[in-house]
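Participant: Dropping a structure here in structure tokens format, bear with me for questions.
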Amino acid sequence: MVIQDDGGCPTCDFPKQTYYTKWAQRYGDKSGGYMQTYAIAGIGVQNPYWPPRSTFRGLPRILGKNTGIGPAKITDNQMNTDYGKPVWDSEIHTLEHFRGYGLGMAGENQAKGKVSVEAMMTRIKIVMEGCDEKCTSTDLFLVAALAENGPGFNLDNMKTLQGKYGRINDGTHSLKWGDWLNDSNALSAKNQSTNRDLIAQFAGNVIFLENRGWDVPSDIDWSYVYSLTVTTVQP
């Protein structure tokens, strides 16, 4: 059993690491900085359980241009679209049909471990680039925790966070994540709950990796992160 040190927050009850977090370490680079850590943690969130062997072997790699079966849940359409360009599954460009951003990795096989780490890192980076110079390490961590899930958190969400709710400067975070997560006009009750779960799962994976020597910013406010994963408001 892994004994998890919750990063300076002993009362925090983050989930334990997932299987694919351990698997993806084989394909990352410890010298690559915290973005490598976040990519590996994100793959763990996308694949919390070890799948049947046939999932990645013996089946077609892609079942359609907007369907991926690689560890990072990245589609051919995202891989083959120019970096940062929106990807749609229809000629109707509404949020319902938004499928994330192009990664500019045409021709690479996202079912392979090393490519899946790079693809996940790129997916996170695109949204993280929308966070301005006021964003702290805690803000960027939270962006990564949500952006790893693909189209569920995008650059428009970043604009809303940085514009609608105003900014604070308490030394740890500058964005009012709690206000955004609790705003029923911005997020449905289901999405509020999903985002809290994503943050919790991602945090558990990142702390696991930090304890094994992977780079994680030292100034993340884990107590604040944990506060976003629990709520007394019932959906």
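We label chains A, B, ... in the order they appear in the structure tokens, count residues from 1 in each chain, and number ligands from 1 in the order shown.
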Using only C-alpha atoms, which protein or nucleic acid residues come within 10 Å of Thr81 in chain A? Drop anything in the same chain fewer than 2 positions from it, and give the result as an NGL selection string.
Facilitator: :A and (76-79 or 83-87 or 101-106)
Participant: Taking the chain letters and numbering used in this document, name the residues of range 37-218 of chain A that DSSP puts in alpha helix (DSSP H), as a PyMOL selection string.
Facilitator: chain A and resi 37-46+76-80+113-128+137-147+155-163+177-181+189-210
Participant: Would you pick out the contacts of Thr160 in chain A at 10 Å or less, using only C-alpha atoms, so that residues sharing its chain but fewer than 6 positions from it are not included, and give the list as a ChimeraX atom specification?
Facilitator: /A:166,180,186
Participant: Would you export the selected residues with N, CA and C atoms as a tab-separated table (two decimals), in the first residue's frame, please?
Facilitator:
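What landed in result-v4.tsv:
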```
chain	number	residue	atom	x	y	z
A	166	GLY	N	-13.45	38.76	-11.08
A	166	GLY	CA	-12.44	39.61	-10.47
A	166	GLY	C	-11.25	38.79	-10.00
A	180	TRP	N	-16.38	30.27	-9.31
A	180	TRP	CA	-16.68	29.65	-10.60
A	180	TRP	C	-17.32	28.28	-10.43
A	186	ALA	N	-22.78	29.27	-14.70
A	186	ALA	CA	-21.61	28.88	-15.48
A	186	ALA	C	-21.51	27.37	-15.64
```
Participant: To one decimal place in Å, what is the distance between CA of Asn154 in chain A and CA of Val117 in chain A?
Facilitator: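 Value for the CA of Asn154 in chain A-CA of Val117 in chain A distance: 19.4 Å.
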Participant: Can you pull out the residues contacting range 131-140 of chain A? Cut-off 7 Å, using only C-alpha atoms, and skip same-chain residues under 6 positions away; I want them as number ranges by chain.
Facilitator: A: 158, 172-175, 217, 219-221
Participant: If you count only C-alpha atoms, which residues fall within 10 Å of Ile74 in chain A, apart from same-chain ones fewer than 2 positions away, as a list in words?
Facilitator: Ile62, Asn66, Thr67, Gly68, Ile69, Gly70, Pro71, Ala72, Asp76, Asn77, Gln78, Met79, Arg99, Gly100, Gly102, Leu103, Asn109, Gln110, Ala111, Ser116, Ala119, Met120, Arg123, Asn149 and Gly150 of chain A
